[in-house]
Structures are given as C-alpha cells and as structure tokens.
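Trainee: Below is entry06.cif; it holds mmCIF, C-alpha atoms.
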data_protein
loop_
_atom_site.label_atom_id
_atom_site.label_comp_id
_atom_site.auth_asym_id
_atom_site.auth_seq_id
_atom_site.Cartn_x
_atom_site.Cartn_y
_atom_site.Cartn_z
CA MET V 1 35.68 14.72 -4.34
CA LYS V 2 34.49 11.14 -4.89
CA TYR V 3 32.52 11.31 -1.61
CA PHE V 4 30.85 14.50 -2.80
CA LEU V 5 29.87 12.88 -6.12
CA GLY V 6 28.57 9.84 -4.24
CA LEU V 7 26.45 12.09 -2.02
CA ILE V 8 25.03 13.91 -5.05
CA GLY V 9 24.22 10.55 -6.66
CA CYS V 10 22.39 9.37 -3.53
CA LEU V 11 20.41 12.59 -3.28
CA TYR V 12 19.44 12.22 -6.94
CA LEU V 13 18.22 8.64 -6.43
CA PHE V 14 16.27 9.44 -3.27
CA GLY V 15 14.94 12.70 -4.68
CA CYS V 16 13.31 11.19 -7.76
CA SER V 17 9.72 10.12 -7.43
CA THR V 18 7.10 8.84 -9.78
CA SER V 19 3.80 10.69 -10.02
CA VAL V 20 0.53 8.79 -10.21
CA LYS V 21 -0.55 11.34 -12.83
CA GLN V 22 1.54 9.52 -15.45
CA TYR V 23 -1.14 6.79 -15.42
CA GLN V 24 -4.12 9.13 -15.91
CA ASN V 25 -4.88 7.80 -19.42
CA GLU V 26 -4.57 4.11 -18.49
CA LYS V 27 -7.65 1.90 -18.45
CA PRO V 28 -9.58 0.47 -16.74
CA ILE V 29 -10.12 3.41 -14.42
CA LEU V 30 -9.56 2.56 -10.75
CA GLN V 31 -12.34 3.94 -8.58
CA LEU V 32 -11.35 2.87 -5.06
CA ASP V 33 -14.86 3.25 -3.66
CA SER V 34 -16.12 0.91 -6.37
CA TYR V 35 -13.32 -1.68 -6.42
CA LEU V 36 -12.85 -1.78 -2.63
CA ASN V 37 -16.50 -2.54 -2.01
CA GLY V 38 -17.97 -5.87 -0.94
CA ASP V 39 -15.95 -9.05 -0.37
CA LEU V 40 -12.39 -9.42 -1.64
CA VAL V 41 -9.53 -11.84 -1.12
CA ALA V 42 -5.82 -11.17 -1.55
CA GLN V 43 -2.70 -13.29 -1.56
CA GLY V 44 0.73 -11.85 -1.00
CA VAL V 45 4.33 -12.15 0.06
CA PHE V 46 6.76 -10.09 2.09
CA MET V 47 10.28 -10.07 0.64
CA ASP V 48 13.36 -8.74 2.40
CA ARG V 49 15.70 -6.22 0.77
CA TRP V 50 17.49 -9.04 -1.09
CA GLY V 51 14.28 -10.41 -2.62
CA THR V 52 13.98 -13.46 -0.35
CA VAL V 53 10.38 -14.32 0.53
CA LYS V 54 10.13 -14.22 4.32
CA LYS V 55 6.37 -14.58 4.79
CA ARG V 56 3.29 -15.41 2.74
CA PHE V 57 -0.25 -14.38 3.60
CA VAL V 58 -3.89 -14.48 2.59
CA VAL V 59 -6.26 -11.63 3.42
CA ASP V 60 -10.05 -11.84 3.54
CA MET V 61 -11.55 -8.36 3.21
CA LYS V 62 -14.94 -6.77 3.63
CA ALA V 63 -15.40 -3.21 2.45
CA SER V 64 -18.26 -0.74 2.41
CA TRP V 65 -18.74 2.98 1.75
CA THR V 66 -21.19 5.59 3.01
CA PRO V 67 -22.89 8.02 0.60
CA GLU V 68 -20.61 10.71 2.10
CA GLY V 69 -17.50 8.97 0.71
CA VAL V 70 -16.22 7.27 3.89
CA GLY V 71 -15.15 3.67 3.52
CA THR V 72 -14.42 0.91 5.99
CA LEU V 73 -12.07 -1.88 4.95
CA VAL V 74 -11.72 -4.83 7.35
CA GLU V 75 -8.66 -6.95 6.53
CA ASP V 76 -8.24 -10.37 8.21
CA PHE V 77 -4.70 -11.67 7.61
CA LYS V 78 -3.66 -15.32 7.83
CA TRP V 79 0.15 -15.54 7.81
CA SER V 80 2.26 -18.51 6.70
CA ASP V 81 3.65 -18.89 10.24
CA GLY V 82 0.12 -19.51 11.55
CA THR V 83 -0.50 -16.09 13.08
CA LYS V 84 -3.62 -14.06 12.39
CA THR V 85 -3.92 -10.28 12.46
CA GLN V 86 -6.56 -7.73 11.59
CA ARG V 87 -6.35 -4.19 10.28
CA ILE V 88 -9.39 -1.95 9.93
CA TRP V 89 -8.95 0.99 7.59
CA THR V 90 -11.18 4.05 7.53
CA LEU V 91 -10.85 5.63 4.10
CA LYS V 92 -12.07 9.06 3.12
CA LYS V 93 -12.57 10.16 -0.47
CA LEU V 94 -11.39 13.73 -1.00
CA ALA V 95 -11.46 15.97 -4.07
CA ASP V 96 -9.50 15.39 -7.29
CA GLY V 97 -8.85 11.66 -6.86
CA LYS V 98 -7.23 12.08 -3.46
CA TYR V 99 -7.85 9.88 -0.43
CA GLU V 100 -6.79 9.69 3.18
CA GLY V 101 -6.86 6.69 5.45
CA THR V 102 -6.38 5.77 9.07
CA ALA V 103 -5.93 2.49 10.94
CA ALA V 104 -4.94 1.64 14.50
CA ASP V 105 -1.38 0.69 13.50
CA VAL V 106 -0.88 3.60 11.08
CA ASP V 107 1.02 6.56 12.49
CA GLY V 108 -1.00 9.62 11.47
CA LYS V 109 -2.80 9.47 8.12
CA ALA V 110 -2.15 7.61 4.90
CA LEU V 111 -2.35 10.05 2.00
CA GLY V 112 -2.98 8.91 -1.54
CA GLU V 113 -4.05 9.80 -5.04
CA ALA V 114 -5.68 7.88 -7.89
CA ALA V 115 -5.25 8.53 -11.61
CA GLY V 116 -6.26 6.23 -14.46
CA ASN V 117 -5.74 2.61 -13.40
CA ALA V 118 -3.30 3.49 -10.59
CA PHE V 119 -3.37 4.50 -6.95
CA ASN V 120 -0.37 5.55 -4.88
CA TRP V 121 -0.30 6.29 -1.22
CA ALA V 122 2.25 6.77 1.49
CA TYR V 123 2.01 6.10 5.19
CA THR V 124 3.97 5.11 8.27
CA LEU V 125 3.07 1.78 9.84
CA ASN V 126 3.83 0.89 13.46
CA LEU V 127 5.24 -2.59 12.86
CA ASP V 128 6.04 -5.09 15.60
CA VAL V 129 9.55 -6.49 15.06
CA ASP V 130 10.62 -8.97 17.74
CA GLY V 131 8.67 -7.18 20.47
CA THR V 132 9.81 -3.70 19.42
CA THR V 133 7.66 -1.23 17.46
CA TRP V 134 9.32 0.14 14.34
CA LYS V 135 7.92 3.10 12.42
CA VAL V 136 8.19 1.87 8.83
CA GLN V 137 7.39 4.01 5.78
CA PHE V 138 5.34 2.49 2.97
CA ASP V 139 5.30 3.68 -0.65
CA ASP V 140 2.27 1.73 -1.84
CA TRP V 141 1.28 1.37 -5.51
CA MET V 142 -1.88 -0.34 -6.81
CA PHE V 143 -2.78 -1.05 -10.43
CA LEU V 144 -6.19 -2.22 -11.66
CA VAL V 145 -5.65 -4.96 -14.26
CA ASP V 146 -9.31 -5.74 -14.96
CA GLU V 147 -12.63 -5.36 -13.13
CA LYS V 148 -11.73 -8.16 -10.69
CA THR V 149 -7.92 -7.96 -10.34
CA LEU V 150 -5.81 -5.36 -8.56
CA LEU V 151 -2.03 -5.73 -8.18
CA ASN V 152 -0.16 -4.03 -5.35
CA LYS V 153 3.53 -3.39 -4.69
CA ALA V 154 4.57 -1.64 -1.50
CA VAL V 155 8.16 -0.71 -0.75
CA MET V 156 9.02 -0.54 2.95
CA SER V 157 11.78 1.68 4.29
CA LYS V 158 13.14 3.08 7.54
CA TRP V 159 15.38 6.16 7.75
CA GLY V 160 15.43 6.15 3.94
CA PHE V 161 16.83 2.61 3.71
CA ARG V 162 14.85 -0.04 1.88
CA LEU V 163 13.78 -2.90 4.18
CA GLY V 164 11.83 -4.94 1.66
CA GLU V 165 8.62 -5.04 -0.29
CA VAL V 166 5.17 -6.52 -0.22
CA LEU V 167 3.52 -7.93 -3.36
CA ILE V 168 -0.23 -8.57 -3.31
CA SER V 169 -2.87 -9.71 -5.79
CA PHE V 170 -6.45 -8.68 -4.92
CA GLN V 171 -9.50 -10.45 -6.36
CA LYS V 172 -13.13 -9.39 -6.05
CA LYS V 173 -15.31 -12.32 -5.02
#
Represent the structure from my file as structure tokens, please.
Mentor:
Amino acid sequence: MKYFLGLIGCLYLFGCSTSVKQYQNEKPILQLDSYLNGDLVAQGVFMDRWGTVKKRFVVDMKASWTPEGVGTLVEDFKWSDGTKTQRIWTLKKLADGKYEGTAADVDGKALGEAAGNAFNWAYTLNLDVDGTTWKVQFDDWMFLVDEKTLLNKAVMSKWGFRLGEVLISFQKK
C-alpha cells in the first residue's frame, strides 16, 4: 500500500504544471520580437541537481527579426572552463503569443508561449556529456523585469529526473 501511495504522490508531482497564462496581467509586457532584437549580453550559471555551480558563462547575442515574424538569435558562449560554443536559433512568431524555435542542437522544435511579462518554452537539447550525446529536456522560463533586464530559469531533466538548472540574466546593450 505504501508503494502505491508513493507512486500516486510522484504522479501528482510530475503531473502538475504551471501555465504561463497566470502571468498575463503582469507588467512590463514581454514581446520577444522586441526584447530579443539588437545586441544583448547574458551571464549565467549551470547548477547540478544539488545546487552546486558547475559552470559559469557569458553570452554575447545578436538578434534580428523579419517583417514576417521570423527571428534569428546568434548566441556566442564563453564558458568558465575556457571553451567557446555557438548556438543559432531561428524563432518564428505564431498566433496568440505562441512561438516555435529551432537550432542545430535542438531535437525537433522548441515550443513556447508568452503572456504578460513571462515566456515559457520546452525543448529537447542534444547535449554533449563526456563525448556522448544526451537528449536533455528543458523547461525554460523567462521573466521581463524592466525594459533592459530579462531573467531566465531553465530546469533540465532526463527520463523525468531533474539533472540541474540554468540561471541567466539578460541585458540589452
């Protein structure tokens, strides 16, 4: 019986999700195609599941959008261990505050939605871990603090188990 109750408890925890719609009345309004436009810089950390900072990074970004609602976001990462990586996102603005995105290391499409000052999207990233590619799920939340500052928290998981999280602060230049 106790195993059954434990299983029900786990299903409850994993089954609950937060909707971005709960932030629809929060200000300032996050318009991705406006905020993610031009030059930005971000600083962040990757923390393991126990909250220990494993890596720090700085990202220089250049973003632009076409009149048709397609954005390109070039992210140049400089990691605390001296490595450099680049990710190029192609973002597409859809109806009703929804977006989709692709990048070379994203498996399929990232799907997201904006409401009020928040944006949430989910995607699977092909992540190199010691020479092996892991498919890692991201639950990525962004919150616009003011016209220049965006905070981001992304929880990483594999097979439903939390691996860690990424915290990032974006600044428009």
Trainee: Of the candidates V:Trp89, V:Phe161, V:Phe77, V:Trp141, which one gets nearest to Val41 in chain V if we count all atoms listed in the file?
Mentor: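 Among the listed residues, the smallest separation from Val41 in chain V belongs to V:Phe77.
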Trainee: Please evaluate the PyMOL selection byres ((chain V and resi 56-66) around 6) against the structure above and give the resulting residues as a list in words.
Mentor: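 Evaluating the PyMOL selection byres ((chain V and resi 56-66) around 6) on these coordinates yields Leu36, Asn37, Gly38, Asp39, Leu40, Val41, Ala42, Gln43, Gly44, Val45, Lys55, Pro67, Glu68, Gly69, Val70, Gly71, Thr72, Leu73, Val74, Glu75, Asp76, Phe77, Lys78, Trp79 and Ser80 of chain V.
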Trainee: Would you mind reading off the distance between CA of Val129 in chain V and CA of Ala103 in chain V, one decimal, in Å?
Mentor: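 Taking CA of Val129 in chain V as the start and CA of Ala103 in chain V as the end point, the length is 18.4 Å.
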Trainee: Using all atoms listed in the file, which of V:Asp33, V:Asp146, V:Asp128, V:Asp48 sits nearest Arg162 in chain V?
Mentor: V:Asp48
Trainee: Pick the closest to Gln137 in chain V from V:Val106, V:Ile29, V:Leu150, V:Ala115: which is it, counting only C-alpha atoms?
Mentor: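 So, comparing all the options, the nearest one is V:Val106.
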Trainee: Starting from the shown file, work through the PyMOL selection byres ((chain V and resi 108) around 12) and note down what comes out as a ChimeraX atom specification.
Mentor: /V:100-107,109-111,122-126,135,137
Trainee: Pick the closest to Ser19 in chain V from V:Glu165, V:Val155, V:Glu113, V:Val136: which is it, counting all atoms listed in the file?
Mentor: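 So, comparing all the options, the nearest one is V:Glu113.
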Trainee: Using all atoms listed in the file, which of the listed residues (V:Phe46, V:Lys84, V:Phe119, V:Trp134) sits closest to Ile168 in chain V?
Mentor: V:Phe46
